[in-house]
$ cat work.tsv   # TSV, C-alpha atoms
chain	number	residue	atom	x	y	z
W	1	MET	CA	-34.09	-16.61	31.50
W	2	THR	CA	-30.71	-18.01	32.51
W	3	GLN	CA	-27.55	-15.97	32.90
W	4	ASP	CA	-26.06	-17.61	29.79
W	5	SER	CA	-29.11	-16.64	27.77
W	6	VAL	CA	-28.81	-13.05	28.93
W	7	LEU	CA	-25.13	-12.96	27.97
W	8	ASN	CA	-25.88	-14.45	24.55
W	9	GLU	CA	-28.58	-11.84	23.93
W	10	GLU	CA	-26.21	-9.05	24.95
W	11	ASN	CA	-23.47	-10.44	22.67
W	12	LYS	CA	-25.90	-10.55	19.75
W	13	LYS	CA	-26.90	-6.94	20.34
W	14	THR	CA	-23.25	-5.89	20.61
W	15	ASN	CA	-22.31	-7.68	17.40
W	16	ALA	CA	-25.31	-6.25	15.59
W	17	ALA	CA	-24.32	-2.76	16.67
W	18	LYS	CA	-20.80	-3.13	15.31
W	19	PRO	CA	-20.36	-1.65	11.83
W	20	ALA	CA	-19.55	-4.11	9.08
W	21	PRO	CA	-15.82	-4.18	8.29
W	22	GLN	CA	-15.01	-1.98	5.34
W	23	ARG	CA	-13.23	-3.49	2.39
W	24	PRO	CA	-9.91	-1.79	1.63
W	25	LYS	CA	-10.11	0.78	-1.12
W	26	ARG	CA	-8.52	-0.16	-4.42
W	27	VAL	CA	-7.27	1.86	-7.34
W	28	ASN	CA	-9.49	1.32	-10.38
W	29	THR	CA	-7.95	-0.57	-13.29
W	30	GLY	CA	-7.53	2.41	-15.61
W	31	LEU	CA	-5.80	4.57	-13.03
W	32	LYS	CA	-3.67	1.62	-11.89
W	33	LEU	CA	-2.34	1.19	-15.44
W	34	VAL	CA	-1.54	4.90	-15.61
W	35	LEU	CA	0.29	4.80	-12.28
W	36	GLU	CA	2.30	1.71	-13.23
W	37	PHE	CA	3.19	2.54	-16.82
W	38	GLY	CA	2.95	6.33	-16.85
W	39	PRO	CA	6.39	6.91	-15.27
W	40	LEU	CA	7.93	4.45	-17.73
W	41	ALA	CA	6.34	6.26	-20.67
W	42	LEU	CA	7.65	9.58	-19.37
W	43	PHE	CA	11.09	8.01	-19.00
W	44	PHE	CA	11.02	6.94	-22.65
W	45	VAL	CA	9.90	10.35	-23.91
W	46	ALA	CA	12.37	12.26	-21.73
W	47	ASN	CA	15.25	10.07	-22.88
W	48	HIS	CA	14.32	10.69	-26.50
W	49	GLN	CA	14.15	14.45	-25.97
W	50	TYR	CA	16.79	15.19	-23.33
W	51	GLY	CA	18.93	12.10	-22.75
W	52	ILE	CA	19.28	9.41	-20.11
W	53	TYR	CA	20.20	11.63	-17.16
W	54	ALA	CA	17.19	13.90	-17.45
W	55	ALA	CA	15.05	10.85	-18.13
W	56	THR	CA	16.30	9.24	-14.94
W	57	GLY	CA	15.27	12.28	-12.93
W	58	VAL	CA	11.85	12.27	-14.60
W	59	LEU	CA	11.43	8.58	-13.81
W	60	MET	CA	12.28	9.13	-10.14
W	61	VAL	CA	9.76	11.95	-9.80
W	62	GLY	CA	7.13	9.98	-11.72
W	63	VAL	CA	7.46	6.89	-9.55
W	64	LEU	CA	7.25	8.91	-6.34
W	65	ALA	CA	4.20	10.75	-7.66
W	66	ALA	CA	2.54	7.43	-8.56
W	67	LEU	CA	3.16	6.09	-5.06
W	68	GLY	CA	1.72	9.29	-3.59
W	69	VAL	CA	-1.47	8.99	-5.63
W	70	ALA	CA	-1.86	5.31	-4.73
W	71	TRP	CA	-1.38	6.11	-1.03
W	72	SER	CA	-3.87	8.97	-1.11
W	73	ILE	CA	-6.55	6.62	-2.46
W	74	THR	CA	-5.89	3.36	-0.59
W	75	ARG	CA	-3.87	4.49	2.46
W	76	ARG	CA	-1.54	1.57	1.86
W	77	LEU	CA	1.20	0.60	-0.61
W	78	ALA	CA	1.94	-2.70	-2.32
W	79	VAL	CA	5.32	-4.33	-1.73
W	80	MET	CA	6.75	-4.42	-5.25
W	81	PRO	CA	6.21	-0.72	-6.10
W	82	VAL	CA	7.83	0.30	-2.82
W	83	VAL	CA	10.89	-1.92	-3.34
W	84	THR	CA	11.15	-0.72	-6.94
W	85	ALA	CA	10.95	2.91	-5.83
W	86	VAL	CA	13.63	2.47	-3.16
W	87	LEU	CA	16.07	0.89	-5.63
W	88	LEU	CA	15.23	3.53	-8.21
W	89	LEU	CA	15.97	6.32	-5.78
W	90	ILE	CA	19.32	4.75	-4.90
W	91	PHE	CA	20.55	3.83	-8.39
W	92	GLY	CA	18.73	6.63	-10.14
W	93	GLY	CA	20.26	9.10	-7.70
W	94	LEU	CA	23.73	7.71	-8.38
W	95	THR	CA	23.09	7.93	-12.12
W	96	PHE	CA	21.80	11.48	-11.97
W	97	PHE	CA	24.36	12.98	-9.62
W	98	LEU	CA	27.43	11.04	-10.80
W	99	GLN	CA	26.40	11.29	-14.44
W	100	ASP	CA	27.05	7.58	-14.91
W	101	GLU	CA	24.32	5.72	-16.80
W	102	THR	CA	25.65	2.35	-15.66
W	103	PHE	CA	23.77	2.61	-12.37
W	104	ILE	CA	20.27	2.99	-13.83
W	105	LYS	CA	20.94	0.03	-16.13
W	106	MET	CA	22.23	-2.15	-13.30
W	107	LYS	CA	19.18	-1.27	-11.20
W	108	VAL	CA	17.02	-3.45	-13.47
W	109	THR	CA	19.35	-6.43	-13.05
W	110	ILE	CA	19.53	-6.05	-9.28
W	111	LEU	CA	15.79	-5.51	-8.93
W	112	TYR	CA	14.81	-8.69	-10.77
W	113	GLY	CA	17.58	-10.65	-9.11
W	114	MET	CA	16.26	-9.53	-5.72
W	115	PHE	CA	12.69	-10.45	-6.60
W	116	GLY	CA	13.70	-13.94	-7.76
W	117	SER	CA	15.92	-14.52	-4.74
W	118	ALA	CA	13.27	-13.28	-2.31
W	119	LEU	CA	10.63	-15.62	-3.74
W	120	LEU	CA	12.88	-18.68	-3.57
W	121	GLY	CA	14.32	-17.68	-0.20
W	122	ALA	CA	10.87	-17.39	1.35
W	123	LEU	CA	9.85	-20.69	-0.22
W	124	TRP	CA	12.93	-22.33	1.32
W	125	PHE	CA	11.52	-21.36	4.73
W	126	ASP	CA	8.08	-22.65	3.70
W	127	ARG	CA	6.68	-19.16	3.24
W	128	LEU	CA	4.83	-17.69	0.27
W	129	LEU	CA	5.49	-14.11	-0.81
W	130	LEU	CA	3.42	-14.00	-3.99
W	131	PRO	CA	0.06	-13.57	-2.21
W	132	ILE	CA	1.52	-10.43	-0.63
W	133	VAL	CA	3.09	-9.28	-3.90
W	134	PHE	CA	-0.18	-9.67	-5.79
W	135	ASP	CA	-1.99	-7.87	-2.95
W	136	SER	CA	-4.81	-10.44	-2.72
W	137	ALA	CA	-5.73	-9.92	-6.37
W	138	PHE	CA	-5.85	-13.71	-6.80
W	139	HIS	CA	-6.97	-16.52	-4.51
W	140	LEU	CA	-5.13	-19.80	-5.11
W	141	ASP	CA	-4.56	-22.90	-3.05
W	142	ASP	CA	-1.09	-23.47	-1.62
W	143	ALA	CA	-0.07	-25.81	-4.44
W	144	GLY	CA	-0.95	-23.12	-6.97
W	145	TRP	CA	1.00	-20.45	-5.11
W	146	ARG	CA	4.04	-22.71	-4.90
W	147	LYS	CA	3.99	-23.49	-8.62
W	148	LEU	CA	3.56	-19.81	-9.41
W	149	THR	CA	6.41	-18.90	-7.07
W	150	TRP	CA	8.84	-21.23	-8.86
W	151	ARG	CA	7.80	-19.94	-12.26
W	152	TRP	CA	7.96	-16.24	-11.40
W	153	SER	CA	11.27	-16.60	-9.60
W	154	PHE	CA	12.94	-18.18	-12.63
W	155	PHE	CA	11.33	-15.63	-14.91
W	156	PHE	CA	12.78	-12.82	-12.79
W	157	PHE	CA	16.23	-14.45	-12.99
W	158	PHE	CA	15.79	-14.70	-16.77
W	159	LEU	CA	15.00	-10.97	-16.98
W	160	ALA	CA	18.01	-10.14	-14.80
W	161	VAL	CA	20.37	-12.10	-17.05
W	162	LEU	CA	18.74	-10.75	-20.20
W	163	ASN	CA	19.13	-7.17	-18.99
W	164	GLU	CA	22.79	-7.75	-18.21
W	165	VAL	CA	23.41	-9.05	-21.71
W	166	VAL	CA	21.49	-6.26	-23.42
W	167	ARG	CA	22.97	-3.39	-21.41
W	168	ARG	CA	26.49	-4.54	-22.22
W	169	VAL	CA	26.09	-4.90	-25.98
W	170	VAL	CA	23.79	-2.06	-27.08
W	171	THR	CA	23.68	1.71	-26.84
W	172	THR	CA	21.80	3.51	-24.09
W	173	ASP	CA	18.96	4.53	-26.41
W	174	VAL	CA	18.51	0.94	-27.55
W	175	TRP	CA	18.57	-0.22	-23.93
W	176	VAL	CA	15.80	2.27	-23.07
W	177	ASN	CA	13.74	0.87	-25.94
W	178	PHE	CA	14.40	-2.64	-24.62
W	179	LYS	CA	13.35	-1.64	-21.11
W	180	VAL	CA	10.07	-0.12	-22.31
W	181	PHE	CA	9.16	-2.27	-25.31
W	182	GLY	CA	11.02	-5.47	-24.42
W	183	ILE	CA	10.74	-6.23	-20.71
W	184	LEU	CA	7.14	-5.04	-20.37
W	185	PRO	CA	5.69	-7.15	-23.22
W	186	LEU	CA	7.71	-10.17	-22.06
W	187	THR	CA	6.32	-9.78	-18.56
W	188	LEU	CA	2.74	-9.43	-19.78
W	189	LEU	CA	3.15	-12.44	-22.08
W	190	PHE	CA	4.58	-14.55	-19.28
W	191	ALA	CA	1.76	-13.53	-16.94
W	192	MET	CA	-0.82	-14.55	-19.54
W	193	THR	CA	0.78	-17.99	-19.96
W	194	GLN	CA	0.26	-18.59	-16.22
W	195	LEU	CA	-3.49	-18.03	-16.34
W	196	PRO	CA	-4.49	-21.64	-17.19
W	197	MET	CA	-2.56	-23.01	-14.21
W	198	MET	CA	-3.93	-20.28	-11.95
W	199	MET	CA	-7.48	-21.07	-13.01
W	200	ARG	CA	-6.96	-24.73	-12.11
W	201	HIS	CA	-5.84	-23.77	-8.61
W	202	GLU	CA	-8.23	-20.88	-8.05
W	203	ILE	CA	-10.41	-20.94	-4.95
W	204	LYS	CA	-13.09	-18.60	-3.71
W	205	PRO	CA	-12.03	-16.30	-0.86
W	206	GLU	CA	-14.68	-17.71	1.50
W	207	GLU	CA	-13.37	-21.22	0.82
W	208	ASP	CA	-9.72	-20.34	1.45
W	209	THR	CA	-8.33	-22.87	3.92
W	210	SER	CA	-4.70	-22.47	2.88
W	211	GLU	CA	-1.84	-21.98	5.31
W	212	THR	CA	-0.66	-18.62	6.55
W	213	HIS	CA	1.38	-17.19	3.71
W	214	PHE	CA	3.78	-15.13	5.77

$ encode --input "work.tsv" --output "structure tokens"
Amino acid sequence: MTQDSVLNEENKKTNAAKPAPQRPKRVNTGLKLVLEFGPLALFFVANHQYGIYAATGVLMVGVLAALGVAWSITRRLAVMPVVTAVLLLIFGGLTFFLQDETFIKMKVTILYGMFGSALLGALWFDRLLLPIVFDSAFHLDDAGWRKLTWRWSFFFFFLAVLNEVVRRVVTTDVWVNFKVFGILPLTLLFAMTQLPMMMRHEIKPEEDTSETHF
């Protein structure tokens, strides 16, 4: 047996002895919905019972608790919830301690403006952020990701402008209703309208030959 054959046999044994890579743990769908929408529901109830300032504090605690649960299960955190939590802590803290509800309302505008700008900014440098944002939940070719990036970025800008208009012309209680029962359904509806395009550009993970996203 040649030296190369011996090395090949040893490599095969070494590779066979290595444990198969474990897939990252994921939060099941039901719990994920609770973690994403639970704090918002608590915010709505607290505002109805105790007012916007108490509701803001409840929302801050709820979002941090949701992140903690997600981390305890997966040992990692998705980008969007972390960015949202950071902005919430900043603007929610200003709202709560300065007793000025303007900050919590502006947080929504700034958040969506940042998301839209980040998507287009990355695309300008030929990078794709959406695969990271969606945490590998979908597998699309590069053309699909680019189309989806344009659409989501403009949708985020639309939500930012819409929030600015609404927060300036309605009462705080009406704005809370808009945040819970307006923005959320609009986002879900928009996401559903993107499914046909996503299905056309969907690829299987093992067939993914797309460029490095970031």

$ residues_around --input "work.tsv" --residues "stretch 85-94 of chain W" --least-positions-apart "6" --cutoff "12 Å" --atoms "all atoms listed in the file" --output "count of residues only"
38

$ atom_distance --input "work.tsv" --atom1 "atom CA of W:Trp175" --atom2 "atom CA of W:Asn163"
8.5 Å

$ closest_residue --input "work.tsv" --among "W:Ile203, W:Leu195, W:Leu33, W:Val69" --to "W:Asp142" --atoms "all atoms listed in the file"
W:Ile203

$ atom_distance --input "work.tsv" --atom1 "atom CA of W:Gly113" --atom2 "atom CA of W:Asn177"
20.8 Å

$ atom_distance --input "work.tsv" --atom1 "atom CA of W:Pro81" --atom2 "atom CA of W:Phe134"
11.0 Å

$ closest_residue --input "work.tsv" --among "W:Leu40, W:Thr84, W:Asp126, W:Gln49" --to "W:Ile183" --atoms "all atoms listed in the file"
W:Leu40

$ closest_residue --input "work.tsv" --among "W:Val176, W:Ala70, W:Ala118, W:Leu159" --to "W:Leu35" --atoms "only C-alpha atoms"
W:Ala70

$ closest_residue --input "work.tsv" --among "W:Leu42, W:Leu148, W:Phe156, W:Pro185" --to "W:Met197" --atoms "only C-alpha atoms"
W:Leu148

$ closest_residue --input "work.tsv" --among "W:Phe178, W:Gly121, W:Arg151, W:Leu189" --to "W:Glu164" --atoms "only C-alpha atoms"
W:Phe178

$ decode --input "work.tsv" --residues "stretch 99-119 of chain W" --atoms "N, CA and C atoms" --output "PDB file, in the first residue's frame"
ATOM      1  N   GLN W  99     -41.420  61.294  30.724  1.00  0.00           N
ATOM      2  CA  GLN W  99     -42.878  61.410  30.625  1.00  0.00           C
ATOM      3  C   GLN W  99     -43.283  62.191  29.378  1.00  0.00           C
ATOM      4  N   ASP W 100     -42.677  61.826  28.256  1.00  0.00           N
ATOM      5  CA  ASP W 100     -42.981  62.461  26.974  1.00  0.00           C
ATOM      6  C   ASP W 100     -43.259  61.358  25.949  1.00  0.00           C
ATOM      7  N   GLU W 101     -44.516  61.199  25.596  1.00  0.00           N
ATOM      8  CA  GLU W 101     -44.933  60.104  24.714  1.00  0.00           C
ATOM      9  C   GLU W 101     -44.443  60.267  23.275  1.00  0.00           C
ATOM     10  N   THR W 102     -43.909  61.431  22.947  1.00  0.00           N
ATOM     11  CA  THR W 102     -43.416  61.647  21.585  1.00  0.00           C
ATOM     12  C   THR W 102     -42.318  60.655  21.220  1.00  0.00           C
ATOM     13  N   PHE W 103     -41.482  60.311  22.182  1.00  0.00           N
ATOM     14  CA  PHE W 103     -40.327  59.457  21.888  1.00  0.00           C
ATOM     15  C   PHE W 103     -40.741  58.060  21.446  1.00  0.00           C
ATOM     16  N   ILE W 104     -41.698  57.446  22.147  1.00  0.00           N
ATOM     17  CA  ILE W 104     -42.106  56.089  21.799  1.00  0.00           C
ATOM     18  C   ILE W 104     -42.787  56.075  20.430  1.00  0.00           C
ATOM     19  N   LYS W 105     -43.455  57.171  20.084  1.00  0.00           N
ATOM     20  CA  LYS W 105     -44.092  57.247  18.769  1.00  0.00           C
ATOM     21  C   LYS W 105     -43.046  57.424  17.668  1.00  0.00           C
ATOM     22  N   MET W 106     -42.051  58.251  17.934  1.00  0.00           N
ATOM     23  CA  MET W 106     -40.996  58.477  16.944  1.00  0.00           C
ATOM     24  C   MET W 106     -40.136  57.233  16.736  1.00  0.00           C
ATOM     25  N   LYS W 107     -40.042  56.402  17.757  1.00  0.00           N
ATOM     26  CA  LYS W 107     -39.230  55.185  17.647  1.00  0.00           C
ATOM     27  C   LYS W 107     -39.668  54.344  16.468  1.00  0.00           C
ATOM     28  N   VAL W 108     -40.971  54.255  16.217  1.00  0.00           N
ATOM     29  CA  VAL W 108     -41.488  53.454  15.094  1.00  0.00           C
ATOM     30  C   VAL W 108     -41.017  54.039  13.771  1.00  0.00           C
ATOM     31  N   THR W 109     -41.088  55.355  13.649  1.00  0.00           N
ATOM     32  CA  THR W 109     -40.639  56.019  12.414  1.00  0.00           C
ATOM     33  C   THR W 109     -39.154  55.773  12.178  1.00  0.00           C
ATOM     34  N   ILE W 110     -38.363  55.978  13.214  1.00  0.00           N
ATOM     35  CA  ILE W 110     -36.910  55.820  13.082  1.00  0.00           C
ATOM     36  C   ILE W 110     -36.540  54.374  12.791  1.00  0.00           C
ATOM     37  N   LEU W 111     -37.218  53.439  13.453  1.00  0.00           N
ATOM     38  CA  LEU W 111     -36.915  52.021  13.256  1.00  0.00           C
ATOM     39  C   LEU W 111     -37.127  51.614  11.801  1.00  0.00           C
ATOM     40  N   TYR W 112     -38.291  51.937  11.248  1.00  0.00           N
ATOM     41  CA  TYR W 112     -38.571  51.532   9.869  1.00  0.00           C
ATOM     42  C   TYR W 112     -37.713  52.313   8.878  1.00  0.00           C
ATOM     43  N   GLY W 113     -37.434  53.560   9.187  1.00  0.00           N
ATOM     44  CA  GLY W 113     -36.525  54.316   8.334  1.00  0.00           C
ATOM     45  C   GLY W 113     -35.134  53.704   8.310  1.00  0.00           C
ATOM     46  N   MET W 114     -34.673  53.242   9.478  1.00  0.00           N
ATOM     47  CA  MET W 114     -33.365  52.592   9.549  1.00  0.00           C
ATOM     48  C   MET W 114     -33.349  51.284   8.772  1.00  0.00           C
ATOM     49  N   PHE W 115     -34.408  50.485   8.919  1.00  0.00           N
ATOM     50  CA  PHE W 115     -34.462  49.218   8.201  1.00  0.00           C
ATOM     51  C   PHE W 115     -34.411  49.449   6.687  1.00  0.00           C
ATOM     52  N   GLY W 116     -35.241  50.385   6.194  1.00  0.00           N
ATOM     53  CA  GLY W 116     -35.244  50.667   4.764  1.00  0.00           C
ATOM     54  C   GLY W 116     -33.913  51.178   4.265  1.00  0.00           C
ATOM     55  N   SER W 117     -33.305  52.083   5.030  1.00  0.00           N
ATOM     56  CA  SER W 117     -32.009  52.652   4.636  1.00  0.00           C
ATOM     57  C   SER W 117     -30.911  51.597   4.658  1.00  0.00           C
ATOM     58  N   ALA W 118     -30.943  50.722   5.661  1.00  0.00           N
ATOM     59  CA  ALA W 118     -29.921  49.683   5.764  1.00  0.00           C
ATOM     60  C   ALA W 118     -30.003  48.713   4.592  1.00  0.00           C
ATOM     61  N   LEU W 119     -31.207  48.345   4.196  1.00  0.00           N
ATOM     62  CA  LEU W 119     -31.368  47.422   3.072  1.00  0.00           C
ATOM     63  C   LEU W 119     -30.840  48.028   1.779  1.00  0.00           C
TER      64      LEU W 119
END
